[in-house]
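K.L.:
So here's input-v3.csv (CSV, C-alpha atoms).
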chain,number,residue,atom,x,y,z
A,1,MET,CA,114.2,79.6,85.5
A,2,VAL,CA,113.2,83.1,86.6
A,3,ARG,CA,115.7,85.3,88.4
A,4,THR,CA,114.7,85.5,92.0
A,5,ASN,CA,115.4,89.2,92.2
A,6,TRP,CA,116.5,91.7,89.8
A,7,LYS,CA,117.8,95.2,89.8
A,8,VAL,CA,118.7,97.8,87.1
A,9,PHE,CA,121.6,100.1,87.9
A,10,GLU,CA,122.3,103.6,86.6
A,11,GLU,CA,124.7,102.7,83.8
A,12,ASP,CA,122.7,99.7,82.6
A,13,TYR,CA,119.6,101.9,82.6
A,14,TRP,CA,121.3,104.4,80.3
A,15,ALA,CA,122.7,101.8,78.0
A,16,ILE,CA,119.1,100.3,77.7
A,17,SER,CA,117.6,103.7,77.2
A,18,THR,CA,120.1,104.6,74.4
A,19,THR,CA,119.3,101.4,72.6
A,20,LEU,CA,115.6,102.0,72.9
A,21,GLN,CA,115.9,105.6,71.7
A,22,GLU,CA,117.9,104.5,68.6
A,23,LEU,CA,115.3,101.8,67.8
A,24,LEU,CA,112.5,104.4,68.2
A,25,LYS,CA,114.2,106.8,65.8
A,26,ASN,CA,115.6,104.2,63.2
A,27,ALA,CA,112.3,102.3,63.0
A,28,ASN,CA,110.2,105.4,63.1
A,29,ALA,CA,108.1,103.8,65.8
A,30,ALA,CA,105.6,105.6,68.1
A,31,SER,CA,106.9,104.1,71.3
A,32,VAL,CA,109.2,101.3,72.6
A,33,LEU,CA,108.9,99.5,75.9
A,34,LEU,CA,111.1,97.0,77.7
A,35,LEU,CA,109.6,94.7,80.3
A,36,ASP,CA,110.4,91.5,82.0
A,37,LYS,CA,108.5,88.3,81.7
A,38,THR,CA,106.7,88.8,84.9
A,39,GLY,CA,105.1,91.9,83.5
A,40,GLN,CA,107.2,94.6,85.2
A,41,LEU,CA,108.0,97.6,83.1
A,42,ILE,CA,111.7,98.3,82.9
A,43,SER,CA,111.8,101.3,80.6
A,44,SER,CA,109.9,103.1,77.9
A,45,VAL,CA,110.7,105.8,75.3
A,46,GLY,CA,108.6,107.7,72.7
A,47,GLU,CA,105.2,109.2,72.7
A,48,PRO,CA,103.7,108.8,76.1
A,49,PRO,CA,100.7,106.4,75.4
A,50,GLU,CA,97.3,107.3,76.6
A,51,PHE,CA,96.8,103.9,78.2
A,52,ASP,CA,98.1,102.7,81.6
A,53,MET,CA,101.6,101.4,80.8
A,54,TYR,CA,101.8,99.1,83.8
A,55,SER,CA,98.6,97.3,82.8
A,56,PHE,CA,99.8,97.2,79.2
A,57,ALA,CA,103.1,95.6,80.3
A,58,SER,CA,101.4,93.0,82.4
A,59,LEU,CA,99.1,92.0,79.4
A,60,CYS,CA,102.1,92.0,77.0
A,61,ALA,CA,103.9,89.5,79.3
A,62,ALA,CA,100.8,87.4,79.5
A,63,ASP,CA,100.4,87.5,75.8
A,64,PHE,CA,104.0,86.4,75.3
A,65,GLU,CA,103.7,83.6,77.8
A,66,ALA,CA,100.5,82.3,76.4
A,67,ASN,CA,102.1,82.2,73.0
A,68,ALA,CA,105.1,80.4,74.4
A,69,GLN,CA,102.8,77.7,75.7
A,70,LEU,CA,101.1,77.5,72.3
A,71,ALA,CA,104.5,77.1,70.7
A,72,LYS,CA,105.4,74.2,73.0
A,73,LEU,CA,102.1,72.5,72.1
A,74,ILE,CA,103.1,72.5,68.4
A,75,GLY,CA,106.6,71.3,69.2
A,76,GLU,CA,108.5,74.7,69.1
A,77,LYS,CA,110.6,75.9,71.9
A,78,ASP,CA,108.9,79.3,71.8
A,79,PHE,CA,108.0,82.1,69.4
A,80,SER,CA,110.8,84.6,69.7
A,81,THR,CA,108.7,87.4,68.1
A,82,LEU,CA,105.0,88.2,67.9
A,83,TYR,CA,103.2,90.6,65.6
A,84,HIS,CA,99.7,92.1,66.2
A,85,GLN,CA,98.3,94.1,63.3
A,86,GLY,CA,95.7,96.7,63.8
A,87,SER,CA,94.1,99.0,61.2
A,88,ASN,CA,95.9,102.0,62.6
A,89,GLU,CA,98.2,100.9,65.4
A,90,SER,CA,100.3,97.7,65.4
A,91,MET,CA,102.7,96.1,67.8
A,92,TYR,CA,105.8,93.9,67.5
A,93,LEU,CA,107.2,91.9,70.4
A,94,ALA,CA,110.6,90.3,70.6
A,95,ARG,CA,112.2,88.2,73.2
A,96,VAL,CA,115.5,89.5,74.7
A,97,GLU,CA,117.7,86.9,76.5
A,98,ASN,CA,115.2,84.6,78.3
A,99,ASN,CA,113.4,86.9,80.6
A,100,ILE,CA,113.0,90.2,78.8
A,101,ILE,CA,110.4,91.4,76.2
A,102,LEU,CA,110.9,94.3,73.8
A,103,VAL,CA,107.6,95.9,72.6
A,104,VAL,CA,107.5,98.2,69.6
A,105,LEU,CA,104.3,100.2,69.0
A,106,PHE,CA,104.0,101.7,65.5
A,107,ASP,CA,101.6,103.1,63.0
A,108,LYS,CA,101.5,104.0,59.3
A,109,ARG,CA,104.5,106.2,59.5
A,110,THR,CA,106.6,103.0,59.1
A,111,THR,CA,106.5,99.5,57.9
A,112,LEU,CA,106.6,96.0,59.5
A,113,GLY,CA,109.8,95.2,57.5
A,114,LEU,CA,111.7,98.2,58.9
A,115,VAL,CA,110.4,97.6,62.4
A,116,ARG,CA,111.5,93.9,62.3
A,117,LEU,CA,114.9,94.8,60.9
A,118,ARG,CA,115.7,97.5,63.4
A,119,THR,CA,114.3,95.4,66.3
A,120,LYS,CA,116.6,92.6,65.5
A,121,LYS,CA,119.6,94.9,65.9
A,122,ALA,CA,118.3,96.4,69.1
A,123,VAL,CA,117.7,92.9,70.5
A,124,ASP,CA,121.4,92.1,69.9
A,125,ASN,CA,122.5,95.3,71.7
A,126,LEU,CA,120.1,94.7,74.6
A,127,GLU,CA,121.3,91.1,75.0
A,128,THR,CA,124.8,92.4,75.6
A,129,VAL,CA,123.6,94.9,78.2
A,130,ILE,CA,121.4,92.4,80.0
A,131,ARG,CA,124.1,89.8,80.1
A,132,GLN,CA,126.5,92.3,81.7
A,133,LEU,CA,123.7,93.2,84.2
A,134,TYR,CA,123.2,89.5,85.1
A,135,ASP,CA,126.9,89.2,85.7
A,136,LYS,CA,126.8,92.2,88.0
A,137,LEU,CA,123.9,90.7,89.9
A,138,GLU,CA,125.9,87.5,90.5
A,139,TYR,CA,128.6,89.5,92.2
A,140,GLU,CA,126.4,92.0,93.9
A,141,ASN,CA,127.6,92.8,97.4
A,142,GLU,CA,125.8,93.9,100.5
A,143,GLU,CA,126.8,97.6,100.1
A,144,MET,CA,124.5,98.0,97.2
A,145,ASN,CA,121.5,97.4,99.5
A,146,GLU,CA,119.7,100.6,100.4
A,147,PHE,CA,116.8,98.8,101.9
A,148,ASP,CA,117.4,98.9,105.6
A,149,GLU,CA,115.3,99.1,108.7
A,150,GLU,CA,114.5,102.7,108.1
A,151,PHE,CA,113.1,101.8,104.6
A,152,ALA,CA,110.9,99.1,106.1
A,153,ALA,CA,109.5,101.4,108.8
A,154,GLU,CA,108.8,104.2,106.2
A,155,ALA,CA,107.2,101.6,103.9
A,156,GLU,CA,104.9,100.3,106.6
A,157,LEU,CA,103.7,103.8,107.4
A,158,GLU,CA,102.8,104.4,103.7
A,159,ILE,CA,101.0,101.0,103.5
A,160,ASP,CA,98.9,101.9,106.5
A,161,THR,CA,97.9,105.2,104.8
A,162,LEU,CA,97.2,103.7,101.4
A,163,PHE,CA,95.2,100.7,102.5
A,164,SER,CA,92.6,102.0,104.8
A,165,ASP,CA,88.8,101.6,104.6
B,166,MET,CA,110.4,88.9,91.8
B,167,SER,CA,110.7,92.5,92.7
B,168,LEU,CA,112.2,94.8,90.1
B,169,ILE,CA,114.4,97.5,91.6
B,170,ASN,CA,115.4,100.3,89.2
B,171,TYR,CA,118.2,102.3,90.7
B,172,SER,CA,118.3,104.8,88.0
B,173,SER,CA,114.6,105.8,87.8
B,174,ARG,CA,114.4,105.0,91.6
B,175,GLU,CA,111.5,102.6,91.3
B,176,ILE,CA,110.5,99.4,93.0
B,177,ASN,CA,107.8,97.2,91.6
B,178,VAL,CA,106.6,94.1,93.5
B,179,LYS,CA,104.1,91.5,92.6
B,180,ILE,CA,101.4,90.1,94.9
B,181,VAL,CA,99.2,87.2,93.8
B,182,TYR,CA,95.8,86.2,95.2
B,183,TYR,CA,95.4,82.4,95.0
B,184,GLY,CA,92.6,80.1,96.0
B,185,PRO,CA,89.8,77.8,94.7
B,186,GLY,CA,87.1,78.9,92.2
B,187,LEU,CA,84.6,81.5,93.5
B,188,CYS,CA,86.4,82.0,96.8
B,189,GLY,CA,86.5,85.8,96.4
B,190,LYS,CA,89.9,86.6,94.9
B,191,THR,CA,88.4,89.1,92.4
B,192,SER,CA,86.1,90.5,95.1
B,193,ASN,CA,89.2,91.4,97.1
B,194,ILE,CA,90.8,93.2,94.2
B,195,GLN,CA,87.5,94.9,93.3
B,196,TYR,CA,87.1,96.2,96.8
B,197,ILE,CA,90.7,97.5,96.9
B,198,TYR,CA,90.1,99.2,93.5
B,199,ASP,CA,86.9,100.9,94.7
B,200,LYS,CA,88.5,102.1,97.9
B,201,VAL,CA,91.9,103.5,97.1
B,202,SER,CA,92.2,107.0,95.9
B,203,PRO,CA,92.1,107.5,92.1
B,204,ASP,CA,95.6,109.0,91.9
B,205,THR,CA,97.2,105.9,93.4
B,206,LYS,CA,95.6,103.2,91.2
B,207,GLY,CA,96.0,102.2,87.6
B,208,LYS,CA,93.5,100.5,85.4
B,209,LEU,CA,91.9,97.3,86.7
B,210,ILE,CA,92.3,94.7,84.1
B,211,THR,CA,90.0,91.7,84.1
B,212,LEU,CA,90.3,88.8,81.7
B,213,ALA,CA,87.0,87.1,82.4
B,214,THR,CA,84.6,84.8,80.7
B,215,GLU,CA,81.0,85.8,79.9
B,216,MET,CA,80.0,84.3,83.1
B,217,ASP,CA,82.3,86.7,85.0
B,218,ARG,CA,84.7,83.9,86.0
B,219,THR,CA,88.3,84.9,85.8
B,220,LEU,CA,89.8,83.4,82.6
B,221,PHE,CA,93.5,84.4,82.9
B,222,PHE,CA,93.9,87.0,85.6
B,223,ASP,CA,92.9,90.3,87.1
B,224,PHE,CA,95.5,92.9,87.4
B,225,LEU,CA,95.6,96.1,89.5
B,226,PRO,CA,98.6,98.3,89.7
B,227,LEU,CA,98.8,100.5,92.9
B,228,GLU,CA,101.2,103.3,93.6
B,229,LEU,CA,102.3,103.3,97.2
B,230,GLY,CA,104.2,106.6,97.0
B,231,THR,CA,107.8,107.4,97.6
B,232,VAL,CA,109.7,105.4,100.2
B,233,LYS,CA,113.2,106.7,100.9
B,234,GLY,CA,113.4,108.1,97.5
B,235,PHE,CA,112.1,105.0,95.7
B,236,ARG,CA,108.7,105.2,93.9
B,237,THR,CA,107.1,102.0,95.0
B,238,ARG,CA,104.3,100.1,93.2
B,239,PHE,CA,102.4,97.0,94.0
B,240,HIS,CA,101.1,94.9,91.2
B,241,LEU,CA,98.1,92.8,92.4
B,242,TYR,CA,97.2,89.7,90.4
B,243,THR,CA,94.5,87.1,90.9
B,244,VAL,CA,94.7,83.6,89.4
B,245,PRO,CA,91.8,81.8,87.8
B,246,GLY,CA,90.5,79.4,90.5
B,247,GLN,CA,88.9,76.7,88.3
B,248,VAL,CA,90.8,73.5,88.3
B,249,TYR,CA,91.4,73.3,84.6
B,250,TYR,CA,93.2,76.7,84.3
B,251,ASP,CA,96.3,75.4,86.0
B,252,ALA,CA,98.6,76.5,83.1
B,253,SER,CA,97.4,80.1,83.7
B,254,ARG,CA,98.0,79.9,87.4
B,255,LYS,CA,101.5,78.7,86.9
B,256,LEU,CA,102.3,81.6,84.6
B,257,ILE,CA,101.0,84.2,87.0
B,258,LEU,CA,103.1,82.8,89.9
B,259,ARG,CA,106.2,83.6,87.9
B,260,GLY,CA,108.2,86.2,89.7
B,261,VAL,CA,105.8,86.4,92.7
B,262,ASP,CA,106.9,88.4,95.7
B,263,GLY,CA,104.0,87.7,98.1
B,264,ILE,CA,100.9,85.5,98.2
B,265,VAL,CA,97.4,85.9,99.6
B,266,PHE,CA,95.5,82.6,99.8
B,267,VAL,CA,91.8,83.2,99.9
B,268,ALA,CA,90.0,80.2,101.4
B,269,ASP,CA,86.2,79.7,101.1
B,270,SER,CA,84.8,79.1,104.6
B,271,GLN,CA,81.8,77.2,103.4
B,272,LYS,CA,81.6,73.5,104.4
B,273,SER,CA,80.8,72.6,100.8
B,274,ARG,CA,84.1,74.1,99.6
B,275,TYR,CA,86.3,72.4,102.2
B,276,ASP,CA,87.9,70.0,99.7
B,277,ALA,CA,88.3,72.7,97.1
B,278,ASN,CA,90.4,74.7,99.5
B,279,ILE,CA,92.7,71.7,100.4
B,280,GLU,CA,93.1,71.0,96.7
B,281,SER,CA,94.0,74.6,95.9
B,282,VAL,CA,96.6,74.8,98.7
B,283,TYR,CA,98.2,71.6,97.4
B,284,ASN,CA,98.1,73.0,93.9
B,285,LEU,CA,99.8,76.2,95.1
B,286,HIS,CA,102.7,74.2,96.7
B,287,GLU,CA,103.0,72.2,93.5
B,288,ASN,CA,103.1,75.2,91.2
B,289,LEU,CA,105.6,77.1,93.4
B,290,GLY,CA,107.8,74.0,93.3
B,291,GLU,CA,108.0,74.5,89.5
B,292,TYR,CA,109.9,77.7,90.2
B,293,ASN,CA,111.9,76.1,93.0
B,294,LEU,CA,110.0,78.2,95.6
B,295,LYS,CA,108.6,77.1,98.9
B,296,LEU,CA,105.7,78.7,100.7
B,297,ASP,CA,107.6,79.4,103.9
B,298,GLU,CA,110.2,81.4,101.9
B,299,ILE,CA,107.6,83.9,100.5
B,300,PRO,CA,105.6,86.5,102.3
B,301,TYR,CA,102.2,84.9,102.8
B,302,ALA,CA,98.8,85.4,104.4
B,303,ILE,CA,95.7,83.3,104.4
B,304,GLN,CA,92.2,84.8,104.4
B,305,TYR,CA,89.2,82.9,105.6
B,306,ASN,CA,86.5,84.5,103.4
B,307,LYS,CA,82.7,84.4,103.5
B,308,ARG,CA,82.5,84.4,107.3
B,309,ASP,CA,79.0,85.9,107.1
B,310,LEU,CA,77.5,82.9,105.4
B,311,PRO,CA,75.6,80.1,107.1
B,312,ASP,CA,77.1,76.6,107.2
B,313,ILE,CA,80.7,77.6,107.5
B,314,ILE,CA,83.7,75.8,109.0
B,315,ALA,CA,85.1,77.0,112.3
B,316,VAL,CA,88.3,79.0,111.9
B,317,ASP,CA,90.2,76.6,114.2
B,318,ASP,CA,89.4,73.7,111.9
B,319,LEU,CA,90.4,75.7,108.8
B,320,GLU,CA,93.6,76.7,110.5
B,321,GLN,CA,94.5,73.1,111.3
B,322,GLU,CA,94.0,71.9,107.8
B,323,LEU,CA,95.0,74.9,105.6
B,324,ASN,CA,97.5,76.7,107.8
B,325,PRO,CA,99.4,74.2,110.0
B,326,GLN,CA,102.5,76.5,109.9
B,327,HIS,CA,100.4,79.3,111.6
B,328,LEU,CA,101.3,81.9,109.1
B,329,PRO,CA,99.3,85.2,109.4
B,330,SER,CA,95.6,84.6,108.9
B,331,PHE,CA,92.5,86.8,108.7
B,332,GLU,CA,88.7,86.4,108.7
B,333,ALA,CA,87.0,88.2,105.9
B,334,VAL,CA,83.8,89.1,104.1
B,335,ALA,CA,85.5,90.4,100.9
B,336,VAL,CA,82.3,91.6,99.2
B,337,LYS,CA,81.7,94.0,102.1
B,338,GLY,CA,85.4,94.8,102.5
B,339,VAL,CA,85.8,93.1,105.9
B,340,GLY,CA,89.4,91.9,106.3
B,341,VAL,CA,90.4,92.9,102.8
B,342,PHE,CA,92.9,95.6,103.7
B,343,ASP,CA,94.1,93.8,106.8
B,344,THR,CA,95.2,90.8,104.7
B,345,LEU,CA,96.8,92.9,102.0
B,346,LYS,CA,98.6,95.1,104.5
B,347,ALA,CA,100.1,92.0,106.2
B,348,VAL,CA,101.5,90.7,102.9
B,349,ALA,CA,102.6,94.1,101.5
B,350,LYS,CA,104.6,94.9,104.7
B,351,SER,CA,106.2,91.6,104.7
B,352,VAL,CA,107.2,91.9,101.0
B,353,LEU,CA,108.9,95.3,101.5
B,354,ARG,CA,110.5,94.1,104.8
B,355,ASN,CA,111.9,91.2,102.7
B,356,LEU,CA,113.8,93.7,100.6
B,357,SER,CA,115.7,95.0,103.6
If you took the structure in this file and wrote it as structure tokens, what would it be?

P.N.:
Amino acid sequence: MVRTNWKVFEEDYWAISTTLQELLKNANAASVLLLDKTGQLISSVGEPPEFDMYSFASLCAADFEANAQLAKLIGEKDFSTLYHQGSNESMYLARVENNIILVVLFDKRTTLGLVRLRTKKAVDNLETVIRQLYDKLEYENEEMNEFDEEFAAEAELEIDTLFSD
Amino acid sequence: MSLINYSSREINVKIVYYGPGLCGKTSNIQYIYDKVSPDTKGKLITLATEMDRTLFFDFLPLELGTVKGFRTRFHLYTVPGQVYYDASRKLILRGVDGIVFVADSQKSRYDANIESVYNLHENLGEYNLKLDEIPYAIQYNKRDLPDIIAVDDLEQELNPQHLPSFEAVAVKGVGVFDTLKAVAKSVLRNLS
């Protein structure tokens, strides 16, 4: 089941960023991204990629989901990690909790073994942070909501400006 | 499923274009891509077959700008319309915040529209969602073609709840932004 709504608060964001930074450094990776299964980018660290990260995140989520369906067809629950090898750039994807995907982009400065090892530890750390975040969302109160009538009015104005022939 | 990041002050929402094969979902996205200013759009991703039919999805990220301090983005997706790509459609609906149903107005596609609406209900059900709980608009596309069904008849069959509906000629851009605006506004209003 997908969470119906989801929010990342300041302290969770920093806890996530710290873990991603550590992974980046310890695995000697080029960049690390965290996204959810719907393809929304949560955070990224490392060398800013030349491609559009939002499109990349949506394709990663689709890739992971397509592989999960393949796993089911052969009788597996899912594939918790995926590896795509290129001649220069490679990527390693790992599932975090049920709804999050960690993506590590790396090149010849490191090895798959090291990336795999460091990713495993990062996944453990992230799972703790994400579980705490989920708990917080369960008890979220109204005061956290900044999206009032003023927000809606401002948003509508922006929409009219952006979407015009 | 909108993602709100309080730390980086970002909101990302997902809008999905649904409908039968060749109804004009990709034409909608293509028109939007061509018309919005370059600094507000990301790369248009199309996973299509050699025949230009959508295989998995089209994806277009759009940057709305900053609303009350939150950088707001829309992620537009289309689903593959062909009947046998149901698994892909189901996956793309995951975490949807708003839906545009593109109906093909041609008489010959009447049954395909009905089947697709039914399929949408069914697939939303898999995520415990109901159509009347999600921002939604229906677009009657291809209004410029001969041999089309009257809008009243389409409304009766495809939109008995009288949710917002728009007439369109997506390849020429007619009705494209009106439809998107209705759903986009409703999605952001839903946050408040």

K.L.:
Kindly provide, as an mmCIF file with C-alpha atoms, keeping the file's coordinate frame, the residues of chain A having any atom no farther than 6 Å from an atom of chain B, counting only C-alpha atoms.

P.N.:
data_model
loop_
_atom_site.group_PDB
_atom_site.id
_atom_site.type_symbol
_atom_site.label_atom_id
_atom_site.label_comp_id
_atom_site.auth_asym_id
_atom_site.auth_seq_id
_atom_site.Cartn_x
_atom_site.Cartn_y
_atom_site.Cartn_z
ATOM 1 C CA THR A 4 114.700 85.500 92.000
ATOM 2 C CA ASN A 5 115.400 89.200 92.200
ATOM 3 C CA TRP A 6 116.500 91.700 89.800
ATOM 4 C CA LYS A 7 117.800 95.200 89.800
ATOM 5 C CA VAL A 8 118.700 97.800 87.100
ATOM 6 C CA PHE A 9 121.600 100.100 87.900
ATOM 7 C CA GLU A 10 122.300 103.600 86.600
ATOM 8 C CA THR A 38 106.700 88.800 84.900
ATOM 9 C CA PHE A 147 116.800 98.800 101.900
ATOM 10 C CA ASP A 148 117.400 98.900 105.600
ATOM 11 C CA ALA A 152 110.900 99.100 106.100
ATOM 12 C CA ALA A 155 107.200 101.600 103.900
ATOM 13 C CA GLU A 156 104.900 100.300 106.600
ATOM 14 C CA PHE A 163 95.200 100.700 102.500
#

K.L.:
Return the single residue from B:Val244, B:Leu328, B:Ala333, B:Ile194 that is closest to Asp309 in chain B, with distances computed using all atoms listed in the file.

P.N.:
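Of B:Val244, B:Leu328, B:Ala333, B:Ile194, the one nearest Asp309 in chain B is B:Ala333, counting all atoms listed in the file.
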
K.L.:
Please, what distance in Å, to one decimal, runs between CA of Leu112 in chain A and CA of Cys60 in chain A?

P.N.:
18.5 Å

K.L.:
Scan for residues within 12 Å of the point (120.1, 103.4, 73.5) in the coordinates of the file, using all atoms listed in the file, and reply as a PDB file with C-alpha atoms, keeping the file's coordinate frame.

P.N.:
ATOM      1  CA  GLU A  11     124.700 102.700  83.800  1.00  0.00           C
ATOM      2  CA  ASP A  12     122.700  99.700  82.600  1.00  0.00           C
ATOM      3  CA  TYR A  13     119.600 101.900  82.600  1.00  0.00           C
ATOM      4  CA  TRP A  14     121.300 104.400  80.300  1.00  0.00           C
ATOM      5  CA  ALA A  15     122.700 101.800  78.000  1.00  0.00           C
ATOM      6  CA  ILE A  16     119.100 100.300  77.700  1.00  0.00           C
ATOM      7  CA  SER A  17     117.600 103.700  77.200  1.00  0.00           C
ATOM      8  CA  THR A  18     120.100 104.600  74.400  1.00  0.00           C
ATOM      9  CA  THR A  19     119.300 101.400  72.600  1.00  0.00           C
ATOM     10  CA  LEU A  20     115.600 102.000  72.900  1.00  0.00           C
ATOM     11  CA  GLN A  21     115.900 105.600  71.700  1.00  0.00           C
ATOM     12  CA  GLU A  22     117.900 104.500  68.600  1.00  0.00           C
ATOM     13  CA  LEU A  23     115.300 101.800  67.800  1.00  0.00           C
ATOM     14  CA  LEU A  24     112.500 104.400  68.200  1.00  0.00           C
ATOM     15  CA  LYS A  25     114.200 106.800  65.800  1.00  0.00           C
ATOM     16  CA  ASN A  26     115.600 104.200  63.200  1.00  0.00           C
ATOM     17  CA  VAL A  32     109.200 101.300  72.600  1.00  0.00           C
ATOM     18  CA  LEU A  34     111.100  97.000  77.700  1.00  0.00           C
ATOM     19  CA  SER A  43     111.800 101.300  80.600  1.00  0.00           C
ATOM     20  CA  SER A  44     109.900 103.100  77.900  1.00  0.00           C
ATOM     21  CA  VAL A  45     110.700 105.800  75.300  1.00  0.00           C
ATOM     22  CA  LYS A 121     119.600  94.900  65.900  1.00  0.00           C
ATOM     23  CA  ALA A 122     118.300  96.400  69.100  1.00  0.00           C
ATOM     24  CA  VAL A 123     117.700  92.900  70.500  1.00  0.00           C
ATOM     25  CA  ASP A 124     121.400  92.100  69.900  1.00  0.00           C
ATOM     26  CA  ASN A 125     122.500  95.300  71.700  1.00  0.00           C
ATOM     27  CA  LEU A 126     120.100  94.700  74.600  1.00  0.00           C
ATOM     28  CA  VAL A 129     123.600  94.900  78.200  1.00  0.00           C
TER      29      VAL A 129
END

K.L.:
Please, what distance in Å, to one decimal, runs between CA of Pro311 in chain B and CA of Asn193 in chain B?

P.N.:
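Separation between CA of Pro311 in chain B and CA of Asn193 in chain B: 20.3 Å.
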
K.L.:
Please compute the CA of Ser58 in chain A-CA of Ser330 in chain B distance, one decimal, in Å.

P.N.:
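Separation between CA of Ser58 in chain A and CA of Ser330 in chain B: 28.4 Å.
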